[in-house]
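Source file: input01.pdb (PDB, C-alpha atoms)
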```pdb
ATOM      1  CA  MET A 174      72.508-111.649-119.634
ATOM      2  CA  PHE A 175      72.517-108.260-117.942
ATOM      3  CA  GLU A 176      68.747-108.430-117.480
ATOM      4  CA  ALA A 177      69.155-111.696-115.574
ATOM      5  CA  TYR A 178      71.683-110.033-113.259
ATOM      6  CA  GLY A 179      69.317-107.111-112.657
ATOM      7  CA  GLU A 180      66.483-109.510-111.828
ATOM      8  CA  ARG A 181      68.756-111.326-109.365
ATOM      9  CA  GLN A 182      69.536-108.018-107.624
ATOM     10  CA  ARG A 183      65.839-107.271-107.268
ATOM     11  CA  ARG A 184      65.120-110.738-105.882
ATOM     12  CA  ARG A 185      67.904-110.415-103.326
ATOM     13  CA  GLY A 186      66.608-107.029-102.203
ATOM     14  CA  ALA A 187      69.572-104.951-103.359
ATOM     15  CA  GLY A 188      69.313-101.282-102.445
ATOM     16  CA  LYS A 189      67.900 -98.749-104.868
ATOM     17  CA  ASN A 190      71.296 -97.145-105.420
ATOM     18  CA  ALA A 191      72.915-100.502-106.194
ATOM     19  CA  GLN A 192      70.217-101.348-108.721
ATOM     20  CA  GLN A 193      70.488 -97.940-110.388
ATOM     21  CA  SER A 194      74.274 -98.270-110.497
ATOM     22  CA  ALA A 195      73.993-101.672-112.179
ATOM     23  CA  VAL A 196      71.571-100.375-114.813
ATOM     24  CA  ARG A 197      73.706 -97.330-115.537
ATOM     25  CA  TYR A 198      77.082 -98.987-115.927
ATOM     26  CA  LEU A 199      75.906-102.192-117.594
ATOM     27  CA  THR A 200      73.962-100.108-120.126
ATOM     28  CA  MET A 201      77.153 -98.150-120.803
ATOM     29  CA  LEU A 202      79.055-101.406-121.345
ATOM     30  CA  GLU A 203      76.349-102.837-123.588
ATOM     31  CA  GLU A 204      76.359 -99.714-125.773
ATOM     32  CA  TRP A 205      80.176 -99.649-125.890
ATOM     33  CA  LEU A 206      80.244-103.286-127.012
ATOM     34  CA  LYS A 207      77.441-102.702-129.542
ATOM     35  CA  GLU A 208      79.459 -99.944-131.212
ATOM     36  CA  ARG A 209      82.147-102.577-131.816
ATOM     37  CA  ASP A 210      79.705-105.310-132.915
ATOM     38  CA  ILE A 211      80.482-107.400-129.843
ATOM     39  CA  SER A 212      77.815-109.371-128.013
ATOM     40  CA  PRO A 213      78.091-109.137-124.188
ATOM     41  CA  GLU A 214      78.145-112.944-124.029
ATOM     42  CA  LEU A 215      81.190-113.029-126.344
ATOM     43  CA  ALA A 216      83.184-110.223-124.707
ATOM     44  CA  THR A 217      86.773-111.079-123.772
ATOM     45  CA  LEU A 218      89.070-109.835-121.033
ATOM     46  CA  GLU A 219      90.699-107.535-123.601
ATOM     47  CA  ASP A 220      87.277-106.062-124.461
ATOM     48  CA  LEU A 221      86.534-105.358-120.804
ATOM     49  CA  GLU A 222      89.973-103.815-120.329
ATOM     50  CA  GLY A 223      89.253-101.533-123.294
ATOM     51  CA  PHE A 224      85.981-100.502-121.662
ATOM     52  CA  THR A 225      87.890 -99.851-118.440
ATOM     53  CA  ASP A 226      90.388 -97.611-120.269
ATOM     54  CA  MET A 227      87.475 -95.640-121.733
ATOM     55  CA  LEU A 228      85.986 -95.134-118.277
ATOM     56  CA  LEU A 229      89.336 -94.051-116.808
ATOM     57  CA  GLY A 230      89.536 -91.376-119.499
ATOM     58  CA  ARG A 231      86.203 -89.942-118.373
ATOM     59  CA  TYR A 232      85.777 -90.620-114.672
ATOM     60  CA  LYS A 233      87.660 -90.736-111.396
ATOM     61  CA  PRO A 234      89.130 -94.095-110.318
ATOM     62  CA  SER A 235      86.522 -94.343-107.531
ATOM     63  CA  THR A 236      83.697 -94.101-110.076
ATOM     64  CA  VAL A 237      85.366 -96.601-112.408
ATOM     65  CA  LYS A 238      85.746 -98.976-109.486
ATOM     66  CA  LEU A 239      81.989 -98.805-108.831
ATOM     67  CA  ALA A 240      81.295 -99.523-112.506
ATOM     68  CA  LEU A 241      83.616-102.525-112.628
ATOM     69  CA  VAL A 242      82.102-104.014-109.479
ATOM     70  CA  GLN A 243      78.809-104.203-111.381
ATOM     71  CA  VAL A 244      80.493-105.577-114.498
ATOM     72  CA  LYS A 245      82.286-108.310-112.539
ATOM     73  CA  GLY A 246      79.061-109.115-110.677
ATOM     74  CA  ALA A 247      77.081-109.501-113.905
ATOM     75  CA  TYR A 248      79.657-111.742-115.585
ATOM     76  CA  SER A 249      80.193-113.842-112.456
ATOM     77  CA  HIS A 250      76.433-114.406-112.207
ATOM     78  CA  ALA A 251      76.198-115.337-115.895
ATOM     79  CA  HIS A 252      79.067-117.820-115.526
ATOM     80  CA  ARG A 253      77.562-119.480-112.451
ATOM     81  CA  ARG A 254      74.239-119.869-114.254
ATOM     82  CA  GLY A 255      75.863-121.383-117.347
ATOM     83  CA  ILE A 256      74.923-118.457-119.603
ATOM     84  CA  ILE A 257      78.578-118.065-120.629
ATOM     85  CA  PRO A 258      81.245-120.813-120.604
ATOM     86  CA  SER A 259      83.892-118.710-118.838
ATOM     87  CA  ASN A 260      84.116-115.468-116.889
ATOM     88  CA  PRO A 261      86.175-112.836-118.787
ATOM     89  CA  SER A 262      86.024-110.451-115.831
ATOM     90  CA  SER A 263      87.726-112.798-113.360
ATOM     91  CA  GLU A 264      91.143-111.240-114.064
ATOM     92  CA  LEU A 265      89.846-107.703-114.522
ATOM     93  CA  ILE A 266      91.772-105.494-112.114
ATOM     94  CA  LEU A 267      89.944-102.746-110.242
ATOM     95  CA  PRO A 268      91.758 -99.392-110.420
ATOM     96  CA  LYS A 269      93.530 -98.193-107.313
ATOM     97  CA  GLU A 270      92.419 -94.886-105.890
ATOM     98  CA  PRO A 271      95.235 -92.382-105.304
ATOM     99  CA  ASP A 272      96.257 -91.832-101.698
ATOM    100  CA  VAL A 273      95.484 -88.163-101.089
ATOM    101  CA  GLU A 274      95.452 -85.945 -98.056
ATOM    102  CA  PRO A 275      91.869 -85.572 -96.766
ATOM    103  CA  GLU A 276      90.314 -82.178 -97.402
ATOM    104  CA  THR A 277      89.261 -80.667 -94.087
ATOM    105  CA  PHE A 278      88.138 -77.365 -92.600
ATOM    106  CA  SER A 279      90.355 -75.574 -90.113
ATOM    107  CA  PRO A 280      88.837 -74.398 -86.788
ATOM    108  CA  GLN A 281      89.040 -70.850 -88.114
ATOM    109  CA  GLU A 282      87.015 -71.784 -91.207
ATOM    110  CA  LEU A 283      84.421 -73.653 -89.139
ATOM    111  CA  ARG A 284      84.127 -70.662 -86.827
ATOM    112  CA  GLN A 285      83.571 -68.360 -89.826
ATOM    113  CA  ILE A 286      80.992 -70.709 -91.369
ATOM    114  CA  LEU A 287      78.995 -70.883 -88.126
ATOM    115  CA  LYS A 288      79.307 -67.168 -87.439
ATOM    116  CA  THR A 289      77.866 -66.214 -90.826
ATOM    117  CA  ALA A 290      75.003 -68.775 -90.937
ATOM    118  CA  PRO A 291      72.211 -66.939 -92.822
ATOM    119  CA  SER A 292      69.360 -68.137 -90.596
ATOM    120  CA  ARG A 293      68.452 -70.383 -87.704
ATOM    121  CA  LYS A 294      67.688 -73.368 -89.924
ATOM    122  CA  HIS A 295      71.129 -73.007 -91.511
ATOM    123  CA  ASP A 296      72.691 -72.949 -88.060
ATOM    124  CA  VAL A 297      70.902 -76.191 -87.087
ATOM    125  CA  MET A 298      71.996 -77.880 -90.312
ATOM    126  CA  LEU A 299      75.611 -76.793 -89.895
ATOM    127  CA  LYS A 300      75.857 -78.048 -86.319
ATOM    128  CA  LEU A 301      74.458 -81.442 -87.325
ATOM    129  CA  PHE A 302      77.198 -81.621 -89.952
ATOM    130  CA  ILE A 303      80.035 -80.249 -87.829
ATOM    131  CA  PHE A 304      79.358 -81.884 -84.452
ATOM    132  CA  GLY A 305      77.360 -84.920 -85.606
ATOM    133  CA  GLY A 306      79.237 -85.995 -88.713
ATOM    134  CA  LEU A 307      75.970 -86.707 -90.508
ATOM    135  CA  ARG A 308      75.755 -87.270 -94.240
ATOM    136  CA  ARG A 309      73.460 -85.083 -96.348
ATOM    137  CA  ILE A 310      70.940 -87.893 -96.850
ATOM    138  CA  GLU A 311      70.950 -88.537 -93.091
ATOM    139  CA  VAL A 312      70.100 -84.912 -92.360
ATOM    140  CA  CYS A 313      67.308 -85.022 -94.952
ATOM    141  CA  ARG A 314      65.789 -88.145 -93.369
ATOM    142  CA  LEU A 315      66.081 -87.020 -89.755
ATOM    143  CA  LYS A 316      62.815 -87.097 -87.792
ATOM    144  CA  TRP A 317      61.961 -85.826 -84.346
ATOM    145  CA  ALA A 318      61.148 -89.420 -83.504
ATOM    146  CA  ASP A 319      64.829 -90.157 -84.130
ATOM    147  CA  VAL A 320      65.950 -87.698 -81.449
ATOM    148  CA  ASP A 321      66.466 -89.178 -77.994
ATOM    149  CA  PHE A 322      67.276 -86.222 -75.754
ATOM    150  CA  ALA A 323      67.412 -88.366 -72.608
ATOM    151  CA  GLY A 324      69.715 -90.944 -74.159
ATOM    152  CA  GLN A 325      71.664 -88.251 -76.025
ATOM    153  CA  THR A 326      71.519 -90.102 -79.332
ATOM    154  CA  LEU A 327      70.271 -89.604 -82.871
ATOM    155  CA  THR A 328      69.000 -92.599 -84.836
ATOM    156  CA  VAL A 329      69.914 -92.024 -88.470
ATOM    157  CA  MET A 330      69.347 -94.002 -91.642
ATOM    158  CA  GLY A 331      72.470 -93.844 -93.731
ATOM    159  CA  LYS A 332      73.838 -95.386 -96.906
ATOM    160  CA  GLY A 333      72.164 -98.610 -97.948
ATOM    161  CA  SER A 334      69.301 -97.846 -95.541
ATOM    162  CA  LYS A 335      71.524 -98.882 -92.636
ATOM    163  CA  ILE A 336      70.451 -97.574 -89.240
ATOM    164  CA  ARG A 337      72.949 -96.457 -86.616
ATOM    165  CA  LYS A 338      72.988 -94.581 -83.335
ATOM    166  CA  VAL A 339      74.965 -91.338 -83.330
ATOM    167  CA  PRO A 340      75.976 -89.854 -79.963
ATOM    168  CA  MET A 341      74.634 -86.345 -79.485
ATOM    169  CA  HIS A 342      77.265 -83.694 -78.838
ATOM    170  CA  GLN A 343      76.183 -81.141 -76.257
ATOM    171  CA  ILE A 344      76.066 -78.439 -78.934
ATOM    172  CA  VAL A 345      73.765 -80.617 -81.080
ATOM    173  CA  HIS A 346      71.620 -81.316 -78.007
ATOM    174  CA  GLU A 347      71.234 -77.594 -77.295
ATOM    175  CA  VAL A 348      70.544 -76.538 -80.868
ATOM    176  CA  LEU A 349      67.887 -79.232 -81.356
ATOM    177  CA  LYS A 350      66.193 -78.295 -78.089
ATOM    178  CA  GLY A 351      66.040 -74.707 -79.286
ATOM    179  CA  TRP A 352      64.854 -75.715 -82.750
ATOM    180  CA  GLN A 353      62.134 -77.861 -81.231
ATOM    181  CA  SER A 354      60.898 -74.905 -79.237
ATOM    182  CA  HIS A 355      61.157 -72.634 -82.282
ATOM    183  CA  CYS A 356      59.012 -75.039 -84.317
ATOM    184  CA  GLY A 357      56.349 -75.093 -81.607
ATOM    185  CA  MET A 358      56.902 -78.724 -80.564
ATOM    186  CA  VAL A 359      55.153 -78.293 -77.203
ATOM    187  CA  ALA A 360      53.540 -81.727 -77.104
ATOM    188  CA  TYR A 361      56.711 -83.495 -78.146
ATOM    189  CA  GLN A 362      56.877 -87.176 -77.296
ATOM    190  CA  ARG A 363      59.468 -89.439 -78.817
ATOM    191  CA  GLY A 364      58.008 -91.618 -81.558
ATOM    192  CA  GLU A 365      54.870 -89.520 -82.138
ATOM    193  CA  PRO A 366      54.337 -87.209 -85.109
ATOM    194  CA  MET A 367      54.495 -83.446 -84.571
ATOM    195  CA  PHE A 368      51.996 -80.878 -85.896
ATOM    196  CA  VAL A 369      52.383 -77.261 -86.902
ATOM    197  CA  ASP A 370      49.481 -75.244 -88.356
ATOM    198  CA  GLY A 371      47.488 -78.482 -88.578
ATOM    199  CA  LYS A 372      50.038 -80.208 -90.787
ATOM    200  CA  PRO A 373      52.131 -83.174 -89.657
ATOM    201  CA  VAL A 374      55.740 -82.186 -89.181
ATOM    202  CA  THR A 375      57.964 -85.223 -88.799
ATOM    203  CA  TYR A 376      61.315 -83.980 -90.055
ATOM    204  CA  VAL A 377      63.666 -81.905 -87.951
ATOM    205  CA  LEU A 378      64.773 -79.512 -90.700
ATOM    206  CA  GLY A 379      61.630 -79.431 -92.824
ATOM    207  CA  PHE A 380      57.957 -78.635 -92.448
ATOM    208  CA  GLY A 381      55.307 -80.858 -94.002
ATOM    209  CA  CYS A 382      54.730 -84.531 -94.551
ATOM    210  CA  HIS A 383      57.736 -85.165 -96.743
ATOM    211  CA  PRO A 384      61.440 -85.345 -95.884
ATOM    212  CA  LEU A 385      63.666 -82.427 -96.683
ATOM    213  CA  ASN A 386      64.633 -82.551-100.342
ATOM    214  CA  SER A 387      68.313 -83.097-101.092
ATOM    215  CA  ALA A 388      68.287 -80.298-103.651
ATOM    216  CA  THR A 389      66.876 -77.893-101.047
ATOM    217  CA  LEU A 390      69.580 -78.904 -98.576
ATOM    218  CA  ALA A 391      72.185 -78.304-101.285
ATOM    219  CA  ARG A 392      70.838 -74.762-101.691
ATOM    220  CA  TRP A 393      71.110 -74.210 -97.938
ATOM    221  CA  ILE A 394      74.734 -75.307 -98.098
ATOM    222  CA  GLU A 395      75.322 -72.912-100.993
ATOM    223  CA  ASP A 396      73.742 -70.120 -98.917
ATOM    224  CA  CYS A 397      76.297 -70.789 -96.172
ATOM    225  CA  SER A 398      79.119 -70.897 -98.700
ATOM    226  CA  GLU A 399      78.173 -67.495-100.105
ATOM    227  CA  ALA A 400      77.709 -65.959 -96.648
ATOM    228  CA  SER A 401      81.056 -67.203 -95.308
ATOM    229  CA  GLY A 402      83.098 -66.818 -98.469
ATOM    230  CA  ILE A 403      84.292 -70.429 -98.016
ATOM    231  CA  HIS A 404      83.651 -73.169-100.551
ATOM    232  CA  ILE A 405      81.602 -75.771 -98.669
ATOM    233  CA  LYS A 406      81.076 -79.438 -99.456
ATOM    234  CA  SER A 407      79.028 -81.243 -96.839
ATOM    235  CA  HIS A 408      81.303 -84.289 -96.885
ATOM    236  CA  THR A 409      84.236 -82.127 -95.817
ATOM    237  CA  PHE A 410      82.511 -81.683 -92.444
ATOM    238  CA  ARG A 411      82.632 -85.479 -91.943
ATOM    239  CA  LYS A 412      86.302 -85.621 -92.900
ATOM    240  CA  SER A 413      87.054 -82.722 -90.563
ATOM    241  CA  LEU A 414      85.280 -84.345 -87.612
ATOM    242  CA  ALA A 415      86.937 -87.729 -88.129
ATOM    243  CA  THR A 416      90.356 -86.095 -88.522
ATOM    244  CA  ASP A 417      89.906 -83.964 -85.398
ATOM    245  CA  LEU A 418      88.872 -86.976 -83.304
ATOM    246  CA  TYR A 419      91.782 -89.044 -84.620
ATOM    247  CA  GLU A 420      94.278 -86.281 -83.850
ATOM    248  CA  ARG A 421      92.908 -86.056 -80.305
ATOM    249  CA  GLY A 422      93.635 -89.729 -79.737
ATOM    250  CA  ALA A 423      90.153 -91.231 -80.152
ATOM    251  CA  ARG A 424      90.110 -94.960 -80.872
ATOM    252  CA  GLU A 425      89.663 -95.764 -84.536
ATOM    253  CA  ASP A 426      86.814 -98.242 -83.934
ATOM    254  CA  TYR A 427      84.955 -95.560 -81.963
ATOM    255  CA  ILE A 428      85.383 -93.087 -84.832
ATOM    256  CA  GLU A 429      84.188 -95.701 -87.338
ATOM    257  CA  SER A 430      81.077 -96.383 -85.252
ATOM    258  CA  ILE A 431      80.233 -92.688 -85.031
ATOM    259  CA  MET A 432      80.779 -92.090 -88.751
ATOM    260  CA  GLY A 433      78.966 -95.255 -89.831
ATOM    261  CA  TRP A 434      81.928 -96.708 -91.697
ATOM    262  CA  ALA A 435      82.191-100.395 -92.493
ATOM    263  CA  LYS A 436      84.389-102.375 -90.113
ATOM    264  CA  ARG A 437      87.688-103.248 -91.752
ATOM    265  CA  THR A 438      88.717-106.343 -89.812
ATOM    266  CA  VAL A 439      87.059-109.530 -88.601
ATOM    267  CA  ARG A 440      87.751-108.482 -85.007
ATOM    268  CA  GLN A 441      85.967-105.181 -85.491
ATOM    269  CA  ARG A 442      82.996-106.781 -87.252
ATOM    270  CA  PHE A 443      82.341-109.651 -84.880
ATOM    271  CA  TYR A 444      84.300-109.245 -81.675
ATOM    272  CA  SER A 445      84.217-105.542 -80.843
ATOM    273  CA  ARG A 446      81.414-103.905 -78.911
ATOM    274  CA  VAL A 447      81.315-100.191 -78.241
ATOM    275  CA  ALA A 448      79.132 -98.923 -75.412
ATOM    276  CA  PRO A 449      77.021 -95.791 -76.022
ATOM    277  CA  GLU A 450      78.798 -94.065 -73.131
ATOM    278  CA  GLN A 451      82.132 -94.565 -74.859
ATOM    279  CA  LEU A 452      80.822 -93.070 -78.105
ATOM    280  CA  LEU A 453      79.359 -90.098 -76.228
ATOM    281  CA  GLN A 454      82.666 -89.409 -74.506
ATOM    282  CA  THR A 455      84.389 -89.679 -77.882
ATOM    283  CA  ILE A 456      82.120 -87.198 -79.663
ATOM    284  CA  LEU A 457      82.531 -84.724 -76.791
ATOM    285  CA  MET A 458      86.246 -84.625 -77.642
ATOM    286  CA  ALA A 459      85.424 -82.997 -80.981
ATOM    287  CA  TYR A 460      86.884 -79.513 -81.404
ATOM    288  CA  LYS A 461      87.434 -79.268 -77.667
ATOM    289  CA  ASP A 462      88.841 -75.859 -76.677
ATOM    290  CA  CYS A 463      88.470 -74.593 -80.273
ATOM    291  CA  ARG A 464      85.599 -72.279 -79.291
ATOM    292  CA  LEU A 465      83.702 -72.741 -82.521
ATOM    293  CA  VAL A 466      80.509 -71.332 -80.991
TER     294      VAL A 466
END
```
Using the file provided, produce a representation of the structure as structure tokens.
Amino acid sequence: MFEAYGERQRRRGAGKNAQQSAVRYLTMLEEWLKERDISPELATLEDLEGFTDMLLGRYKPSTVKLALVQVKGAYSHAHRRGIIPSNPSSELILPKEPDVEPETFSPQELRQILKTAPSRKHDVMLKLFIFGGLRRIEVCRLKWADVDFAGQTLTVMGKGSKIRKVPMHQIVHEVLKGWQSHCGMVAYQRGEPMFVDGKPVTYVLGFGCHPLNSATLARWIEDCSEASGIHIKSHTFRKSLATDLYERGAREDYIESIMGWAKRTVRQRFYSRVAPEQLLQTILMAYKDCRLV
């Protein structure tokens, strides 16, 4: 039953992360049911609720919610295909995530983090996080071909391989211009590969043919944490930027476009259009008068 659901995901072109999530959590469910001599096809709502209670004892509600999305998807697919006579997951309730205050950096902390950046590459990375709101994977995937200095935008590939245009804050513009010069990008032309010491260099923060490794970026972040004496999580930079823009009166749909968040209403998804100039003016509001650099 679960194999059929996995095959359906592959046929429909589900993202790699979604497929891995399905395999992980459905394998956990299958093993949990096997320990109780229960076939997945014969599982009841009470069985699935017991599995949910087990997950809640081990993981955060957000993680349990991801697991149950896969469980409900697998059982719904099996029911539609006639593999099982009824869907025991139809009444399975997804756990609610607690409403907590977002963790953010203060201007003083951001100033300290930037001031103590161990090297130039760390400084470039930090400014992409702080003034661009990029995710870690987006920084790892960033190419020079994605940098449009004239249009003042970065083209990034985010979660689910979704592409979006991020307006380039003046500080990001300046630091990337300097980094380009530092890397010897004399013959830079947008869309063409770059070469250093005879090797193709296509990624802004890494040398060589391959994108910057996420583990390497994590070490760079740890370097900055040790140098500043401040515990750093890259996602906190995104929360800090979004919070700062919101507090300065930026429109929520503009913030969502910059951060790459899913639109929450039908109007936002289908009837709202945000011009690049509006996004640029919005990102320039970030940390205005805070003198972070």
message: Using only C-alpha atoms - which residues lie no farther than 12 Å from the point (90.2, -108.9, -107.1) in the file's frame? Write them as number ranges by chain.
response: A: 238, 241-242, 245-246, 262-269
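Restricting the calculation to all atoms listed in the file, the smallest distance between Leu206 (chain A) and any of A:Ser194, A:Thr289, A:Phe224, A:Glu270 is found for A:Phe224.
Note that CA of Gly333 (chain A) and CA of Gly186 (chain A) are 10.9 Å apart.
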message: Which residue is closest to Trp393 (chain A)? Choose from A:His250, A:His295, A:Arg424, A:His346 and count all atoms listed in the file.
response: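 The answer is A:His295, which sits nearest to Trp393 (chain A).
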message: I need the residue nearest Gln454 (chain A) from this list: A:Met341, A:Leu202, A:Ala415, A:Val348. Use all atoms listed in the file for the distance.
response: A:Met341
query: Which residue, A:Val320, A:Leu414, A:Cys313, A:Ile303, has the smallest gap to Lys338 (chain A) when you use all atoms listed in the file?
result: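 Looking only at the distances to Lys338 (chain A), the closest residue turns out to be A:Val320.
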query: Please, what distance in Å, to one decimal, runs between CA of Arg231 (chain A) and CA of Glu219 (chain A)?
result: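 One can read the CA of Arg231 (chain A) to CA of Glu219 (chain A) distance as 18.9 Å.
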To test your reading of the syntax: which residues would the PyMOL selection byres ((chain A and resi 455) around 12) return for the file shown? Reply as a PDB file with C-alpha atoms, in the frame of the given file.
```pdb
ATOM      1  CA  PHE A 304      79.358 -81.884 -84.452  1.00  0.00           C
ATOM      2  CA  GLY A 305      77.360 -84.920 -85.606  1.00  0.00           C
ATOM      3  CA  VAL A 339      74.965 -91.338 -83.330  1.00  0.00           C
ATOM      4  CA  PRO A 340      75.976 -89.854 -79.963  1.00  0.00           C
ATOM      5  CA  MET A 341      74.634 -86.345 -79.485  1.00  0.00           C
ATOM      6  CA  HIS A 342      77.265 -83.694 -78.838  1.00  0.00           C
ATOM      7  CA  GLN A 343      76.183 -81.141 -76.257  1.00  0.00           C
ATOM      8  CA  LEU A 414      85.280 -84.345 -87.612  1.00  0.00           C
ATOM      9  CA  ALA A 415      86.937 -87.729 -88.129  1.00  0.00           C
ATOM     10  CA  ASP A 417      89.906 -83.964 -85.398  1.00  0.00           C
ATOM     11  CA  LEU A 418      88.872 -86.976 -83.304  1.00  0.00           C
ATOM     12  CA  TYR A 419      91.782 -89.044 -84.620  1.00  0.00           C
ATOM     13  CA  ARG A 421      92.908 -86.056 -80.305  1.00  0.00           C
ATOM     14  CA  GLY A 422      93.635 -89.729 -79.737  1.00  0.00           C
ATOM     15  CA  ALA A 423      90.153 -91.231 -80.152  1.00  0.00           C
ATOM     16  CA  ARG A 424      90.110 -94.960 -80.872  1.00  0.00           C
ATOM     17  CA  GLU A 425      89.663 -95.764 -84.536  1.00  0.00           C
ATOM     18  CA  ASP A 426      86.814 -98.242 -83.934  1.00  0.00           C
ATOM     19  CA  TYR A 427      84.955 -95.560 -81.963  1.00  0.00           C
ATOM     20  CA  ILE A 428      85.383 -93.087 -84.832  1.00  0.00           C
ATOM     21  CA  GLU A 429      84.188 -95.701 -87.338  1.00  0.00           C
ATOM     22  CA  SER A 430      81.077 -96.383 -85.252  1.00  0.00           C
ATOM     23  CA  ILE A 431      80.233 -92.688 -85.031  1.00  0.00           C
ATOM     24  CA  MET A 432      80.779 -92.090 -88.751  1.00  0.00           C
ATOM     25  CA  VAL A 447      81.315-100.191 -78.241  1.00  0.00           C
ATOM     26  CA  ALA A 448      79.132 -98.923 -75.412  1.00  0.00           C
ATOM     27  CA  PRO A 449      77.021 -95.791 -76.022  1.00  0.00           C
ATOM     28  CA  GLU A 450      78.798 -94.065 -73.131  1.00  0.00           C
ATOM     29  CA  GLN A 451      82.132 -94.565 -74.859  1.00  0.00           C
ATOM     30  CA  LEU A 452      80.822 -93.070 -78.105  1.00  0.00           C
ATOM     31  CA  LEU A 453      79.359 -90.098 -76.228  1.00  0.00           C
ATOM     32  CA  GLN A 454      82.666 -89.409 -74.506  1.00  0.00           C
ATOM     33  CA  ILE A 456      82.120 -87.198 -79.663  1.00  0.00           C
ATOM     34  CA  LEU A 457      82.531 -84.724 -76.791  1.00  0.00           C
ATOM     35  CA  MET A 458      86.246 -84.625 -77.642  1.00  0.00           C
ATOM     36  CA  ALA A 459      85.424 -82.997 -80.981  1.00  0.00           C
ATOM     37  CA  TYR A 460      86.884 -79.513 -81.404  1.00  0.00           C
ATOM     38  CA  LYS A 461      87.434 -79.268 -77.667  1.00  0.00           C
TER      39      LYS A 461
END
```
field: Option closest in space to Gly179 (chain A), from A:Pro271, A:Ser387, A:Ala251, A:Asp210 [counting all atoms listed in the file]
entry: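 Closest to Gly179 (chain A), using all atoms listed in the file: A:Ala251.
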- prompt: Residues around (65.5, -94.6, -83.9), cut-off 10 Å, counting all atoms listed in the file - what are they as a VMD selection string?
  reply: chain A and resid 315 to 321 326 to 330 336 to 338 363 to 364
field: CA of Gly331 (chain A) to CA of Ala400 (chain A), distance in Å rounded to a single decimal
entry: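 Computing it gives 28.5 Å between the two atoms.
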task: Find the residue from A:Gly433, A:Glu208, A:Leu465, A:Leu239 that sits nearest to Ser334 (chain A); use all atoms listed in the file when measuring.
output: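 Ranking A:Gly433, A:Glu208, A:Leu465, A:Leu239 by distance to Ser334 (chain A), first place goes to A:Gly433.
Against this structure, the PyMOL selection byres ((chain A and resi 182) around 12) ends up with Phe175, Glu176, Ala177, Tyr178, Gly179, Glu180, Arg181, Arg183, Arg184, Arg185, Gly186, Ala187, Gly188, Lys189, Asn190, Ala191, Gln192, Gln193, Ser194, Ala195, Val196, Gln243, Gly246, Ala247 and His250 of chain A.
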Could you model N, CA and C atoms for region 204-216 of chain A and present them as a PDB file, in the coordinates of the input?
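out_2.pdb, freshly written:
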```pdb
ATOM      1  N   GLU A 204      76.285-100.639-124.638  1.00  0.00           N
ATOM      2  CA  GLU A 204      76.359 -99.714-125.773  1.00  0.00           C
ATOM      3  C   GLU A 204      77.775 -99.649-126.337  1.00  0.00           C
ATOM      4  N   TRP A 205      78.780 -99.686-125.442  1.00  0.00           N
ATOM      5  CA  TRP A 205      80.176 -99.649-125.890  1.00  0.00           C
ATOM      6  C   TRP A 205      80.500-100.891-126.717  1.00  0.00           C
ATOM      7  N   LEU A 206      80.020-102.047-126.277  1.00  0.00           N
ATOM      8  CA  LEU A 206      80.244-103.286-127.012  1.00  0.00           C
ATOM      9  C   LEU A 206      79.479-103.289-128.341  1.00  0.00           C
ATOM     10  N   LYS A 207      78.263-102.736-128.322  1.00  0.00           N
ATOM     11  CA  LYS A 207      77.441-102.702-129.542  1.00  0.00           C
ATOM     12  C   LYS A 207      78.109-101.876-130.627  1.00  0.00           C
ATOM     13  N   GLU A 208      78.752-100.782-130.236  1.00  0.00           N
ATOM     14  CA  GLU A 208      79.459 -99.944-131.212  1.00  0.00           C
ATOM     15  C   GLU A 208      80.576-100.716-131.907  1.00  0.00           C
ATOM     16  N   ARG A 209      81.047-101.779-131.270  1.00  0.00           N
ATOM     17  CA  ARG A 209      82.147-102.577-131.816  1.00  0.00           C
ATOM     18  C   ARG A 209      81.656-103.941-132.304  1.00  0.00           C
ATOM     19  N   ASP A 210      80.330-104.065-132.431  1.00  0.00           N
ATOM     20  CA  ASP A 210      79.705-105.310-132.915  1.00  0.00           C
ATOM     21  C   ASP A 210      80.106-106.516-132.074  1.00  0.00           C
ATOM     22  N   ILE A 211      80.130-106.327-130.761  1.00  0.00           N
ATOM     23  CA  ILE A 211      80.482-107.400-129.843  1.00  0.00           C
ATOM     24  C   ILE A 211      79.281-107.705-128.956  1.00  0.00           C
ATOM     25  N   SER A 212      78.894-108.963-128.915  1.00  0.00           N
ATOM     26  CA  SER A 212      77.815-109.371-128.013  1.00  0.00           C
ATOM     27  C   SER A 212      78.372-109.456-126.596  1.00  0.00           C
ATOM     28  N   PRO A 213      77.606-109.036-125.577  1.00  0.00           N
ATOM     29  CA  PRO A 213      78.091-109.137-124.188  1.00  0.00           C
ATOM     30  C   PRO A 213      78.511-110.546-123.813  1.00  0.00           C
ATOM     31  N   GLU A 214      77.811-111.553-124.348  1.00  0.00           N
ATOM     32  CA  GLU A 214      78.145-112.944-124.029  1.00  0.00           C
ATOM     33  C   GLU A 214      79.483-113.376-124.629  1.00  0.00           C
ATOM     34  N   LEU A 215      79.948-112.657-125.662  1.00  0.00           N
ATOM     35  CA  LEU A 215      81.190-113.029-126.344  1.00  0.00           C
ATOM     36  C   LEU A 215      82.352-112.106-125.999  1.00  0.00           C
ATOM     37  N   ALA A 216      82.122-111.167-125.080  1.00  0.00           N
ATOM     38  CA  ALA A 216      83.184-110.223-124.707  1.00  0.00           C
ATOM     39  C   ALA A 216      84.351-110.957-124.054  1.00  0.00           C
TER      40      ALA A 216
END
```
